[in-house]
Amino acid sequence: MEKVSLARGTRDFGPAQMAKRSFIIDTIKKVFQQYGFQPLETPAMENLSTLQGKYGEEGDQLLFKILNSGDFLKNVNKKNIEEGNWKMVTGDIAEKGLRYDLTVPFARYVVMNRHEITFPFKRYQIQPVWRADRPQKGRYREFYQCDADVVGTNSLMCEAEIILMIKDAFNKLGILDYTIKVNHRGVLSGLAGLLSAAEKETSLFVAIDKLDKIGEQKVKEELIERGFDAASLPQLFEVLNFTGSTQNKINFLSSKFSNSEIGKKGLNDLNEVLNLLKNFGATDEHVELDLTLARGLSYYTGCIFEVKINRASVGSVSGGGRYDNLTAVFDSKEKSSGVGFSFGIDRLYDAMEELSLFPKETISTSKILIVHLDKESFHYSLKAAQTIRLNGIACEVYPDQTKIKKQMEYADKKNIPFVVVIGSEEIKTNLFTLKKMETGEQSKLTIEQIIKSIK
RNA sequence: GCGGGCAUAGCUCAGUUGGUUAGAGCAUCAGAUUGUGAUUCUGAGGGUCGUGGGUUCGAGCCCCAUUGCUCGCCCCA
């Protein structure tokens with residue numbers, strides 16, 4: 001036999017896994033629809049020009065590129081090949097790539113269809129994305145994202161609704177122990193202001209993001225290494241180490257940000273989101289202001305979200321935020337504000353599996369298998385099957401004429417709960433043997449009675 | 001891009017300082033049971049020990065290389 005295998009970082013989803021994945025996807029989809037989001041699908045592949053330059057240099061490296069069809073060498077600059085300048089060659093031999101996330105294709109769609117779209121536009125999108133990353137635990141090269149975004153409004157109600165949708169979805173999925181971490185780009189800038197490090201914001205954010213992972217001492221070392229003034233660090237950590245409720249944190253920060261307009265704006269936004277949450281009749285349970293939350297794509301300009309399932313080892317299962325100028329990368333005149341977030345369902349799956357949160361009855365099979373004993377009863381069983389199906393009960397007939405044992409085994413392995421036995425005796429009397437597989441009990445019933453008892 | 005670990009039956013894994021014919025459990029198939037699954041009993045099939053080289057009288061085991069998988073780092077869902 002030829003050795004067959006999967007491409008690295010990809011997975012098959014068998015029936016048992018699909019049942020669980022569908023449970024997650026259907027649940028999330030229902031929540032999105034409940035809040036007025038409409039579905040969108042975009043192609044798996046986009047022009048490379050659409051994708052490149054949107055995710056930073058690192059992101060460009062992680063793009064899967066699609067080799068041009070036909071003679072892909074005809075446009076290659078030979079000098080680039082001779083000099084081993086592979087990055088330049090890439091552009092000559094590939095003009096398409098697999099999508100890296102769902103947000104950029106969405107922005108492309110909005111720009112292309114702005115005249116048809118009714119704003120504010122709320123769309124959800126559940127599709128696979130691809131990254132040429134090195135796979136490891138909870139990290140795949142092909143994985144699904146479930147995005148919901150609103151474009152064309154600055155209302156902070158959207159931020160509040162994102163929190164509500166996360167709560168709704170997790171509640172329905174049975175995930176109870178989780179934390180929705182929120183932060184604000186303005187607050188981060190305010191922090192940078194404390195260090196007078198406005199021009200080194202990014203390296204500050206990257207460093208403090210690691211705080212819970214590598215600890216205060218290591219972060220300090222990294223900051224000093226990156227050229228921050230050691231004398232100003234105590235001020236920063238006084239703020240980062242402040243503990244208290246989200247409201248307390250906001251109040252404390254206000255006193256620190258008296259000189260930072262952008263910092264104050266961030267705090268006001270967060271305050272407003274919390275207020276709106278109250279107006280929705282919801283609490284800020286599970287919501288936590290995390291000043292070290294800084295990761296994610298650099299295009300966020302307002303609130304930032306990230307969701308962690310506590311006691312699960314998969315990292316964040318959802319993330320998002322507001323971006324003021326996403327569509328501007330495709331058209332500088334187009335500056336619609338957008339806000340959105342995404343569930344990583346592969347990680348949700350892993351976390352739910354780890355915590356045994358899947359309901360037992362997620363696998364769907366036929367309710368009835370019709371077992372037949374000879375040619376005549378096989379033919380008879382086809383009509384019976386249709387009658388049962390037309391009454392809304394999933395039913396199948398074993399396709400081959402074979403030993404009853406074999407047919408029963410099939411029902412057992414497929415977890416089909418009922419078996420109907422049809423033989424010459426049954427056809428004569430019009431009473432069929434209904435066997436409940438779980439208990440093994442049997443009774444003789446008409447087809448109508450069988451339908452009634454199972455429905 | 002950098003570092004660690006692993007690779008033996010379809011799956012999960014044993015395999016003694018290197019020593020005859022490489023094992024177990026599960027799964028598969030057949031029979032016990034020709035109108036009854038899961039449970040029980042009996043039997044059978046299934047292996048180029050990832051690949052290539054080296055050391056040795058002798059390699060699943062030691063050495064080198066290579067490929068694949070896996071776990072971390074960077075980054076990310």
# chains A, B, ... in the order shown; residues from 1 in each chain; ligands from 1
call {"tool": "interface_residues", "arguments": {"of": "chain A", "to": "chain B", "cutoff": "7 Å", "atoms": "only C-alpha atoms (C1' of nucleotides)", "output": "PDB file with all heavy atoms, in the first residue's frame"}}
result
ATOM      1  N   GLN A 136       2.061  23.269  16.543  1.00  0.00           N
ATOM      2  CA  GLN A 136       2.297  22.761  17.880  1.00  0.00           C
ATOM      3  C   GLN A 136       0.955  22.658  18.569  1.00  0.00           C
ATOM      4  O   GLN A 136      -0.081  22.751  17.928  1.00  0.00           O
ATOM      5  CB  GLN A 136       3.269  23.640  18.645  1.00  0.00           C
ATOM      6  CG  GLN A 136       2.902  25.108  18.623  1.00  0.00           C
ATOM      7  CD  GLN A 136       3.995  25.983  19.167  1.00  0.00           C
ATOM      8  OE1 GLN A 136       4.084  26.191  20.362  1.00  0.00           O
ATOM      9  NE2 GLN A 136       4.830  26.502  18.287  1.00  0.00           N
ATOM     10  N   SER A 316      -5.608  31.544  23.986  1.00  0.00           N
ATOM     11  CA  SER A 316      -6.854  32.271  23.836  1.00  0.00           C
ATOM     12  C   SER A 316      -7.736  31.638  22.769  1.00  0.00           C
ATOM     13  O   SER A 316      -7.261  31.129  21.763  1.00  0.00           O
ATOM     14  CB  SER A 316      -6.583  33.737  23.505  1.00  0.00           C
ATOM     15  OG  SER A 316      -6.168  33.866  22.178  1.00  0.00           O
ATOM     16  N   VAL A 317      -9.041  31.634  23.014  1.00  0.00           N
ATOM     17  CA  VAL A 317      -9.990  31.003  22.102  1.00  0.00           C
ATOM     18  C   VAL A 317     -10.796  32.046  21.340  1.00  0.00           C
ATOM     19  O   VAL A 317     -11.610  31.699  20.484  1.00  0.00           O
ATOM     20  CB  VAL A 317     -10.966  30.081  22.853  1.00  0.00           C
ATOM     21  CG1 VAL A 317     -10.215  28.906  23.435  1.00  0.00           C
ATOM     22  CG2 VAL A 317     -11.712  30.831  23.939  1.00  0.00           C
ATOM     23  N   SER A 318     -10.566  33.301  21.649  1.00  0.00           N
ATOM     24  CA  SER A 318     -11.315  34.343  20.973  1.00  0.00           C
ATOM     25  C   SER A 318     -10.567  35.648  21.152  1.00  0.00           C
ATOM     26  O   SER A 318      -9.889  35.856  22.163  1.00  0.00           O
ATOM     27  CB  SER A 318     -12.722  34.453  21.573  1.00  0.00           C
ATOM     28  OG  SER A 318     -13.419  35.524  20.988  1.00  0.00           O
ATOM     29  N   GLY A 344     -11.922  31.028  17.784  1.00  0.00           N
ATOM     30  CA  GLY A 344     -11.124  29.973  17.163  1.00  0.00           C
ATOM     31  C   GLY A 344     -11.724  28.635  17.535  1.00  0.00           C
ATOM     32  O   GLY A 344     -11.537  28.157  18.647  1.00  0.00           O
ATOM     33  N   ILE A 404     -28.069 -12.083   9.919  1.00  0.00           N
ATOM     34  CA  ILE A 404     -28.695 -11.123  10.831  1.00  0.00           C
ATOM     35  C   ILE A 404     -27.667 -10.595  11.835  1.00  0.00           C
ATOM     36  O   ILE A 404     -27.670  -9.429  12.214  1.00  0.00           O
ATOM     37  CB  ILE A 404     -29.893 -11.779  11.551  1.00  0.00           C
ATOM     38  CG1 ILE A 404     -30.670 -10.733  12.346  1.00  0.00           C
ATOM     39  CG2 ILE A 404     -29.449 -12.922  12.451  1.00  0.00           C
ATOM     40  CD1 ILE A 404     -32.003 -11.231  12.813  1.00  0.00           C
ATOM     41  N   LYS A 405     -26.771 -11.463  12.228  1.00  0.00           N
ATOM     42  CA  LYS A 405     -25.720 -11.075  13.186  1.00  0.00           C
ATOM     43  C   LYS A 405     -24.912  -9.886  12.663  1.00  0.00           C
ATOM     44  O   LYS A 405     -24.622  -8.944  13.367  1.00  0.00           O
ATOM     45  CB  LYS A 405     -24.818 -12.285  13.399  1.00  0.00           C
ATOM     46  CG  LYS A 405     -23.643 -12.068  14.324  1.00  0.00           C
ATOM     47  CD  LYS A 405     -22.783 -13.331  14.313  1.00  0.00           C
ATOM     48  CE  LYS A 405     -21.417 -13.083  14.904  1.00  0.00           C
ATOM     49  NZ  LYS A 405     -21.372 -13.394  16.327  1.00  0.00           N
ATOM     50  N   MET A 408     -26.986  -6.752  12.809  1.00  0.00           N
ATOM     51  CA  MET A 408     -27.114  -6.265  14.184  1.00  0.00           C
ATOM     52  C   MET A 408     -25.812  -5.592  14.640  1.00  0.00           C
ATOM     53  O   MET A 408     -25.829  -4.561  15.317  1.00  0.00           O
ATOM     54  CB  MET A 408     -27.435  -7.424  15.137  1.00  0.00           C
ATOM     55  CG  MET A 408     -28.728  -8.138  14.879  1.00  0.00           C
ATOM     56  SD  MET A 408     -30.199  -7.154  15.182  1.00  0.00           S
ATOM     57  CE  MET A 408     -30.172  -7.036  16.948  1.00  0.00           C
ATOM     58  N   GLU A 409     -24.717  -6.166  14.261  1.00  0.00           N
ATOM     59  CA  GLU A 409     -23.420  -5.579  14.606  1.00  0.00           C
ATOM     60  C   GLU A 409     -23.276  -4.176  14.037  1.00  0.00           C
ATOM     61  O   GLU A 409     -22.759  -3.272  14.685  1.00  0.00           O
ATOM     62  CB  GLU A 409     -22.291  -6.461  14.042  1.00  0.00           C
ATOM     63  CG  GLU A 409     -21.718  -7.429  15.032  1.00  0.00           C
ATOM     64  CD  GLU A 409     -20.716  -8.377  14.381  1.00  0.00           C
ATOM     65  OE1 GLU A 409     -20.303  -8.133  13.219  1.00  0.00           O
ATOM     66  OE2 GLU A 409     -20.363  -9.374  15.036  1.00  0.00           O
ATOM     67  N   ASP A 412     -25.202  -1.808  16.074  1.00  0.00           N
ATOM     68  CA  ASP A 412     -24.516  -1.598  17.344  1.00  0.00           C
ATOM     69  C   ASP A 412     -23.354  -0.628  17.189  1.00  0.00           C
ATOM     70  O   ASP A 412     -23.194   0.317  17.949  1.00  0.00           O
ATOM     71  CB  ASP A 412     -24.011  -2.947  17.863  1.00  0.00           C
ATOM     72  CG  ASP A 412     -23.344  -2.799  19.210  1.00  0.00           C
ATOM     73  OD1 ASP A 412     -23.986  -2.251  20.114  1.00  0.00           O
ATOM     74  OD2 ASP A 412     -22.179  -3.211  19.338  1.00  0.00           O
TER      75      ASP A 412
END
call {"tool": "residues_around", "arguments": {"residues": "stretch 367-379 of chain A", "least_positions_apart": "5", "cutoff": "7 Å", "atoms": "only C-alpha atoms (C1' of nucleotides)", "output": "list in words"}}
result
Ile393, Ala394, Cys395, Glu396, Val397, Tyr398, Gln401, Ile404, Gln407, Ala411, Ile416, Pro417, Phe418, Val419, Val420, Val421, Ile422, Gly423 and Ser424 of chain A
call {"tool": "write_last_selection", "arguments": {"atoms": "all heavy atoms", "output": "compact mmCIF listing (two decimals), in the first residue's frame"}}
result
# COMPACT_ATOMS: atom_id res chain seq x y z
N ILE A 393 -38.50 10.22 10.61
CA ILE A 393 -37.57 9.44 11.42
C ILE A 393 -36.44 8.95 10.53
O ILE A 393 -36.68 8.32 9.50
CB ILE A 393 -38.29 8.25 12.08
CG1 ILE A 393 -39.38 8.75 13.04
CG2 ILE A 393 -37.29 7.38 12.84
CD1 ILE A 393 -40.30 7.66 13.52
N ALA A 394 -35.20 9.25 10.92
CA ALA A 394 -34.04 8.83 10.14
C ALA A 394 -33.92 7.32 10.21
O ALA A 394 -33.90 6.73 11.29
CB ALA A 394 -32.77 9.49 10.67
N CYS A 395 -33.84 6.70 9.05
CA CYS A 395 -33.94 5.24 8.99
C CYS A 395 -33.06 4.74 7.87
O CYS A 395 -32.92 5.38 6.83
CB CYS A 395 -35.40 4.89 8.73
SG CYS A 395 -35.68 3.18 8.26
N GLU A 396 -32.42 3.59 8.07
CA GLU A 396 -31.69 3.00 6.96
C GLU A 396 -31.90 1.50 6.91
O GLU A 396 -32.25 0.87 7.90
CB GLU A 396 -30.20 3.36 7.03
CG GLU A 396 -29.48 2.90 8.27
CD GLU A 396 -28.05 3.45 8.30
OE1 GLU A 396 -27.28 3.10 7.40
OE2 GLU A 396 -27.73 4.23 9.23
N VAL A 397 -31.70 0.97 5.70
CA VAL A 397 -31.84 -0.45 5.47
C VAL A 397 -30.44 -1.00 5.24
O VAL A 397 -29.65 -0.39 4.50
CB VAL A 397 -32.70 -0.72 4.22
CG1 VAL A 397 -32.85 -2.22 3.96
CG2 VAL A 397 -34.06 -0.07 4.37
N TYR A 398 -30.12 -2.12 5.86
CA TYR A 398 -28.80 -2.71 5.58
C TYR A 398 -28.76 -3.10 4.10
O TYR A 398 -29.65 -3.80 3.63
CB TYR A 398 -28.54 -3.92 6.48
CG TYR A 398 -27.08 -4.30 6.49
CD1 TYR A 398 -26.19 -3.66 7.33
CD2 TYR A 398 -26.59 -5.26 5.60
CE1 TYR A 398 -24.85 -3.97 7.31
CE2 TYR A 398 -25.24 -5.57 5.58
CZ TYR A 398 -24.38 -4.93 6.43
OH TYR A 398 -23.05 -5.23 6.40
N GLN A 401 -27.76 -8.48 1.52
CA GLN A 401 -28.44 -9.60 2.17
C GLN A 401 -27.39 -10.46 2.84
O GLN A 401 -26.58 -11.10 2.18
CB GLN A 401 -29.21 -10.41 1.12
CG GLN A 401 -30.48 -9.71 0.66
CD GLN A 401 -31.13 -10.43 -0.49
OE1 GLN A 401 -31.29 -11.64 -0.44
NE2 GLN A 401 -31.48 -9.69 -1.52
N ILE A 404 -28.07 -12.08 9.92
CA ILE A 404 -28.69 -11.12 10.83
C ILE A 404 -27.67 -10.60 11.84
O ILE A 404 -27.67 -9.43 12.21
CB ILE A 404 -29.89 -11.78 11.55
CG1 ILE A 404 -30.67 -10.73 12.35
CG2 ILE A 404 -29.45 -12.92 12.45
CD1 ILE A 404 -32.00 -11.23 12.81
N GLN A 407 -25.84 -7.70 10.49
CA GLN A 407 -26.65 -6.50 10.43
C GLN A 407 -26.82 -5.89 11.82
O GLN A 407 -26.78 -4.67 12.00
CB GLN A 407 -28.02 -6.82 9.82
CG GLN A 407 -27.91 -7.40 8.40
CD GLN A 407 -29.26 -7.59 7.75
OE1 GLN A 407 -30.05 -6.65 7.66
NE2 GLN A 407 -29.53 -8.81 7.27
N ALA A 411 -25.69 -2.08 13.39
CA ALA A 411 -26.52 -1.18 14.19
C ALA A 411 -25.81 -0.83 15.50
O ALA A 411 -25.78 0.33 15.93
CB ALA A 411 -27.87 -1.82 14.48
N ILE A 416 -27.02 2.95 16.40
CA ILE A 416 -28.42 3.12 15.99
C ILE A 416 -29.29 2.52 17.11
O ILE A 416 -29.12 1.36 17.46
CB ILE A 416 -28.68 2.42 14.64
CG1 ILE A 416 -27.82 3.08 13.57
CG2 ILE A 416 -30.15 2.45 14.29
CD1 ILE A 416 -27.84 2.39 12.23
N PRO A 417 -30.19 3.33 17.66
CA PRO A 417 -30.87 2.87 18.89
C PRO A 417 -31.93 1.78 18.68
O PRO A 417 -32.20 1.03 19.61
CB PRO A 417 -31.50 4.15 19.44
CG PRO A 417 -31.58 5.09 18.29
CD PRO A 417 -30.47 4.73 17.35
N PHE A 418 -32.52 1.71 17.47
CA PHE A 418 -33.58 0.72 17.25
C PHE A 418 -33.32 -0.12 16.01
O PHE A 418 -32.82 0.39 15.00
CB PHE A 418 -34.95 1.40 17.09
CG PHE A 418 -35.39 2.12 18.33
CD1 PHE A 418 -35.18 3.50 18.45
CD2 PHE A 418 -36.01 1.45 19.37
CE1 PHE A 418 -35.58 4.18 19.59
CE2 PHE A 418 -36.42 2.12 20.51
CZ PHE A 418 -36.20 3.49 20.63
N VAL A 419 -33.71 -1.39 16.10
CA VAL A 419 -33.64 -2.26 14.93
C VAL A 419 -35.04 -2.82 14.68
O VAL A 419 -35.74 -3.21 15.62
CB VAL A 419 -32.65 -3.42 15.18
CG1 VAL A 419 -32.87 -4.55 14.19
CG2 VAL A 419 -31.21 -2.91 15.07
N VAL A 420 -35.45 -2.80 13.42
CA VAL A 420 -36.71 -3.45 13.04
C VAL A 420 -36.35 -4.67 12.22
O VAL A 420 -35.62 -4.57 11.24
CB VAL A 420 -37.60 -2.49 12.22
CG1 VAL A 420 -38.78 -3.24 11.63
CG2 VAL A 420 -38.09 -1.34 13.09
N VAL A 421 -36.82 -5.84 12.65
CA VAL A 421 -36.52 -7.08 11.94
C VAL A 421 -37.68 -7.43 11.03
O VAL A 421 -38.84 -7.45 11.46
CB VAL A 421 -36.25 -8.22 12.92
CG1 VAL A 421 -35.93 -9.50 12.15
CG2 VAL A 421 -35.11 -7.86 13.85
N ILE A 422 -37.38 -7.66 9.76
CA ILE A 422 -38.41 -8.07 8.80
C ILE A 422 -38.04 -9.42 8.21
O ILE A 422 -36.97 -9.57 7.62
CB ILE A 422 -38.58 -7.02 7.68
CG1 ILE A 422 -39.02 -5.67 8.28
CG2 ILE A 422 -39.60 -7.52 6.66
CD1 ILE A 422 -39.34 -4.62 7.24
N GLY A 423 -38.93 -10.40 8.41
CA GLY A 423 -38.77 -11.73 7.82
C GLY A 423 -40.12 -12.19 7.30
O GLY A 423 -41.09 -11.43 7.34
N SER A 424 -40.16 -13.41 6.84
CA SER A 424 -41.41 -13.89 6.24
C SER A 424 -42.55 -13.89 7.26
O SER A 424 -43.69 -13.55 6.94
CB SER A 424 -41.20 -15.30 5.69
OG SER A 424 -40.63 -16.13 6.68
call {"tool": "residues_around", "arguments": {"residues": "stretch 45-60 of chain B", "least_positions_apart": "5", "cutoff": "9 Å", "atoms": "only C-alpha atoms (C1' of nucleotides)", "output": "list in words"}}
result
A7, U8, A9, G10, G15, G18, G19, A22, U28, C29, A65, U66, U67 and G68 of chain B
call {"tool": "atom_distance", "arguments": {"atom1": "atom CA of A:Gly215", "atom2": "atom CA of A:Gly244"}}
result
19.4 Å
call {"tool": "select_by_dssp", "arguments": {"residues": "stretch 217-296 of chain A", "states": "alpha helix (DSSP H)", "output": "JSON, numbers by chain"}}
result
{"A": [217, 218, 219, 220, 221, 222, 223, 224, 225, 233, 234, 235, 236, 237, 238, 239, 240, 246, 247, 248, 249, 250, 251, 252, 253, 254, 255, 256, 261, 262, 263, 264, 265, 266, 267, 268, 269, 270, 271, 272, 273, 274, 275, 276, 277, 278, 279]}
call {"tool": "residues_around", "arguments": {"residues": "stretch 29-38 of chain A", "least_positions_apart": "6", "cutoff": "7 Å", "atoms": "only C-alpha atoms (C1' of nucleotides)", "output": "PyMOL selection string"}}
result
chain A and resi 122-124+165+168-169
call {"tool": "closest_residue", "arguments": {"among": "A:Ala7, A:Ala385, A:Leu355, A:Ile28", "to": "A:Leu173", "atoms": "only C-alpha atoms"}}
result
A:Ile28
call {"tool": "residues_around", "arguments": {"residues": "B:G25", "least_positions_apart": "2", "cutoff": "12 Å", "atoms": "only C-alpha atoms (C1' of nucleotides)", "output": "PDB file with C-alpha atoms (C1' of nucleotides), in the first residue's frame"}}
result
ATOM      1  C1'   C B  11      -4.319   1.927  17.127  1.00  0.00           C
ATOM      2  C1'   U B  12      -1.813   2.321  22.166  1.00  0.00           C
ATOM      3  C1'   C B  13       2.638   0.562  23.623  1.00  0.00           C
ATOM      4  C1'   A B  14       6.384  -3.586  25.845  1.00  0.00           C
ATOM      5  C1'   G B  23       5.497  -9.605  21.868  1.00  0.00           C
ATOM      6  C1'   A B  27      -9.238  -3.291  16.757  1.00  0.00           C
TER       7        A B  27
END
call {"tool": "select_by_dssp", "arguments": {"residues": "stretch 75-307 of chain A", "states": "strand (DSSP E)", "output": "NGL selection string"}}
result
:A and (94-98 or 121-130 or 142-151 or 178-184 or 287-289 or 303-307)
call {"tool": "atom_distance", "arguments": {"atom1": "atom CA of A:Lys256", "atom2": "atom CA of A:Gln217"}}
result
22.9 Å
call {"tool": "residues_around", "arguments": {"residues": "A:Val89", "least_positions_apart": "3", "cutoff": "8 Å", "atoms": "only C-alpha atoms (C1' of nucleotides)", "output": "ChimeraX atom specification"}}
result
/A:76-77,80-81,85-86,92-93
call {"tool": "write_last_selection", "arguments": {"atoms": "all heavy atoms", "output": "tab-separated table (two decimals), in the first residue's frame"}}
result
chain	number	residue	atom	x	y	z
A	76	VAL	N	9.95	35.09	-14.38
A	76	VAL	CA	10.95	35.19	-13.33
A	76	VAL	C	12.17	35.98	-13.78
A	76	VAL	O	12.68	35.76	-14.88
A	76	VAL	CB	11.39	33.78	-12.87
A	76	VAL	CG1	12.51	33.88	-11.86
A	76	VAL	CG2	10.20	33.05	-12.28
A	77	ASN	N	12.59	36.86	-12.93
A	77	ASN	CA	13.83	37.59	-13.14
A	77	ASN	C	14.98	36.64	-12.83
A	77	ASN	O	15.20	36.26	-11.68
A	77	ASN	CB	13.84	38.81	-12.21
A	77	ASN	CG	15.09	39.66	-12.41
A	77	ASN	OD1	16.14	39.15	-12.81
A	77	ASN	ND2	14.96	40.93	-12.14
A	80	ASN	N	17.43	37.18	-9.98
A	80	ASN	CA	16.99	36.88	-8.62
A	80	ASN	C	17.25	35.43	-8.26
A	80	ASN	O	17.61	35.11	-7.13
A	80	ASN	CB	15.49	37.19	-8.47
A	80	ASN	CG	15.24	38.68	-8.39
A	80	ASN	OD1	16.10	39.44	-7.96
A	80	ASN	ND2	14.06	39.10	-8.80
A	81	ILE	N	17.05	34.55	-9.24
A	81	ILE	CA	17.29	33.13	-8.97
A	81	ILE	C	18.77	32.89	-8.74
A	81	ILE	O	19.16	32.23	-7.76
A	81	ILE	CB	16.80	32.26	-10.15
A	81	ILE	CG1	15.28	32.34	-10.22
A	81	ILE	CG2	17.26	30.82	-9.98
A	81	ILE	CD1	14.65	31.36	-11.16
A	85	ASN	N	17.82	35.15	-4.37
A	85	ASN	CA	16.92	36.13	-3.76
A	85	ASN	C	15.49	35.62	-3.83
A	85	ASN	O	14.66	36.10	-4.57
A	85	ASN	CB	17.04	37.46	-4.52
A	85	ASN	CG	16.48	38.60	-3.71
A	85	ASN	OD1	15.74	38.39	-2.75
A	85	ASN	ND2	16.83	39.80	-4.11
A	86	TRP	N	15.19	34.62	-2.95
A	86	TRP	CA	13.93	33.89	-3.09
A	86	TRP	C	12.71	34.76	-2.81
A	86	TRP	O	11.64	34.52	-3.34
A	86	TRP	CB	13.92	32.67	-2.18
A	86	TRP	CG	14.13	32.97	-0.73
A	86	TRP	CD1	15.31	33.14	-0.09
A	86	TRP	CD2	13.10	33.16	0.24
A	86	TRP	NE1	15.09	33.42	1.24
A	86	TRP	CE2	13.75	33.45	1.47
A	86	TRP	CE3	11.71	33.14	0.21
A	86	TRP	CZ2	13.04	33.70	2.64
A	86	TRP	CZ3	11.01	33.38	1.39
A	86	TRP	CH2	11.67	33.66	2.58
A	92	ASP	N	7.23	36.67	-8.37
A	92	ASP	CA	7.14	36.39	-9.80
A	92	ASP	C	6.40	35.10	-10.12
A	92	ASP	O	5.85	34.95	-11.21
A	92	ASP	CB	8.56	36.30	-10.40
A	92	ASP	CG	9.26	37.65	-10.38
A	92	ASP	OD1	8.54	38.68	-10.33
A	92	ASP	OD2	10.50	37.68	-10.38
A	93	ILE	N	6.43	34.16	-9.21
A	93	ILE	CA	5.84	32.85	-9.53
A	93	ILE	C	4.50	32.60	-8.85
A	93	ILE	O	3.84	31.61	-9.14
A	93	ILE	CB	6.81	31.70	-9.17
A	93	ILE	CG1	7.07	31.67	-7.67
A	93	ILE	CG2	8.12	31.82	-9.96
A	93	ILE	CD1	7.93	30.51	-7.24
call {"tool": "closest_residue", "arguments": {"among": "A:Val339, A:Glu238, A:Tyr55, A:Ser254", "to": "A:Ala148", "atoms": "only C-alpha atoms"}}
result
A:Val339
call {"tool": "atom_distance", "arguments": {"atom1": "atom CA of A:Thr292", "atom2": "atom CA of A:Ile162"}}
result
20.3 Å
call {"tool": "residues_around", "arguments": {"residues": "stretch 175-186 of chain A", "least_positions_apart": "6", "cutoff": "8 Å", "atoms": "only C-alpha atoms (C1' of nucleotides)", "output": "short mmCIF file (atom, residue, chain, number, x, y, z; two decimals) with N, CA and C atoms, in the first residue's frame"}}
result
data_model
loop_
_atom_site.label_atom_id
_atom_site.label_comp_id
_atom_site.auth_asym_id
_atom_site.auth_seq_id
_atom_site.Cartn_x
_atom_site.Cartn_y
_atom_site.Cartn_z
N ILE A 163 -19.20 41.52 24.00
CA ILE A 163 -19.10 40.86 25.31
C ILE A 163 -20.34 39.99 25.55
N ILE A 262 -5.21 60.77 25.15
CA ILE A 262 -5.56 59.50 24.51
C ILE A 262 -5.83 58.42 25.56
N GLY A 263 -5.07 58.51 26.65
CA GLY A 263 -5.30 57.58 27.75
C GLY A 263 -6.67 57.79 28.37
N LYS A 264 -7.03 59.06 28.55
CA LYS A 264 -8.35 59.37 29.13
C LYS A 264 -9.48 58.89 28.23
N LYS A 265 -9.27 59.08 26.90
CA LYS A 265 -10.27 58.62 25.94
C LYS A 265 -10.48 57.12 26.08
N GLY A 266 -9.39 56.38 26.22
CA GLY A 266 -9.48 54.93 26.38
C GLY A 266 -10.28 54.55 27.61
N LEU A 267 -10.01 55.24 28.71
CA LEU A 267 -10.73 54.93 29.95
C LEU A 267 -12.21 55.26 29.82
N LEU A 270 -13.90 52.52 27.86
CA LEU A 270 -14.10 51.31 28.67
C LEU A 270 -15.24 51.52 29.66
N HIS A 286 -17.10 37.86 34.50
CA HIS A 286 -16.16 37.30 33.53
C HIS A 286 -15.31 38.37 32.85
N VAL A 287 -15.72 39.64 32.93
CA VAL A 287 -14.97 40.71 32.25
C VAL A 287 -13.88 41.24 33.16
N GLU A 288 -12.69 41.37 32.60
CA GLU A 288 -11.57 41.82 33.42
C GLU A 288 -10.68 42.74 32.60
N LEU A 289 -10.43 43.94 33.15
CA LEU A 289 -9.51 44.85 32.49
C LEU A 289 -8.09 44.34 32.70
N ASP A 290 -7.44 44.02 31.61
CA ASP A 290 -6.07 43.48 31.71
C ASP A 290 -5.13 44.42 30.96
N LEU A 291 -4.37 45.19 31.72
CA LEU A 291 -3.52 46.22 31.10
C LEU A 291 -2.39 45.61 30.29
N LEU A 293 -2.81 43.17 28.24
CA LEU A 293 -3.34 42.63 26.98
C LEU A 293 -2.97 43.57 25.84
N ALA A 294 -2.04 43.12 25.01
CA ALA A 294 -1.54 44.03 23.99
C ALA A 294 -1.32 43.31 22.68
N TYR A 300 -5.58 47.31 15.57
CA TYR A 300 -6.59 47.75 16.53
C TYR A 300 -6.30 49.16 17.02
N THR A 301 -7.36 49.95 17.15
CA THR A 301 -7.18 51.35 17.58
C THR A 301 -8.03 51.68 18.80
N GLY A 302 -8.98 50.83 19.16
CA GLY A 302 -9.85 51.12 20.30
C GLY A 302 -9.79 49.98 21.30
N CYS A 303 -10.98 49.49 21.67
CA CYS A 303 -11.04 48.38 22.63
C CYS A 303 -10.39 47.13 22.04
N ILE A 304 -9.80 46.32 22.91
CA ILE A 304 -9.18 45.06 22.52
C ILE A 304 -9.76 43.97 23.42
N PHE A 305 -10.06 42.80 22.82
CA PHE A 305 -10.59 41.69 23.60
C PHE A 305 -9.74 40.45 23.42
N GLU A 306 -9.74 39.65 24.46
CA GLU A 306 -9.18 38.32 24.33
C GLU A 306 -9.86 37.45 25.37
N VAL A 307 -10.17 36.19 24.99
CA VAL A 307 -10.90 35.33 25.90
C VAL A 307 -10.07 34.09 26.21
N LYS A 308 -9.95 33.79 27.47
CA LYS A 308 -9.23 32.59 27.92
C LYS A 308 -10.20 31.70 28.66
N ILE A 309 -10.13 30.42 28.36
CA ILE A 309 -10.89 29.45 29.16
C ILE A 309 -9.99 29.01 30.29
N ASN A 310 -10.42 29.24 31.50
CA ASN A 310 -9.58 28.91 32.64
C ASN A 310 -9.44 27.40 32.77
N MET A 352 -12.83 22.26 25.12
CA MET A 352 -14.04 21.56 25.57
C MET A 352 -13.77 20.07 25.72
N LEU A 357 -16.61 18.90 28.19
CA LEU A 357 -17.81 19.74 28.21
C LEU A 357 -18.81 19.40 27.11
#
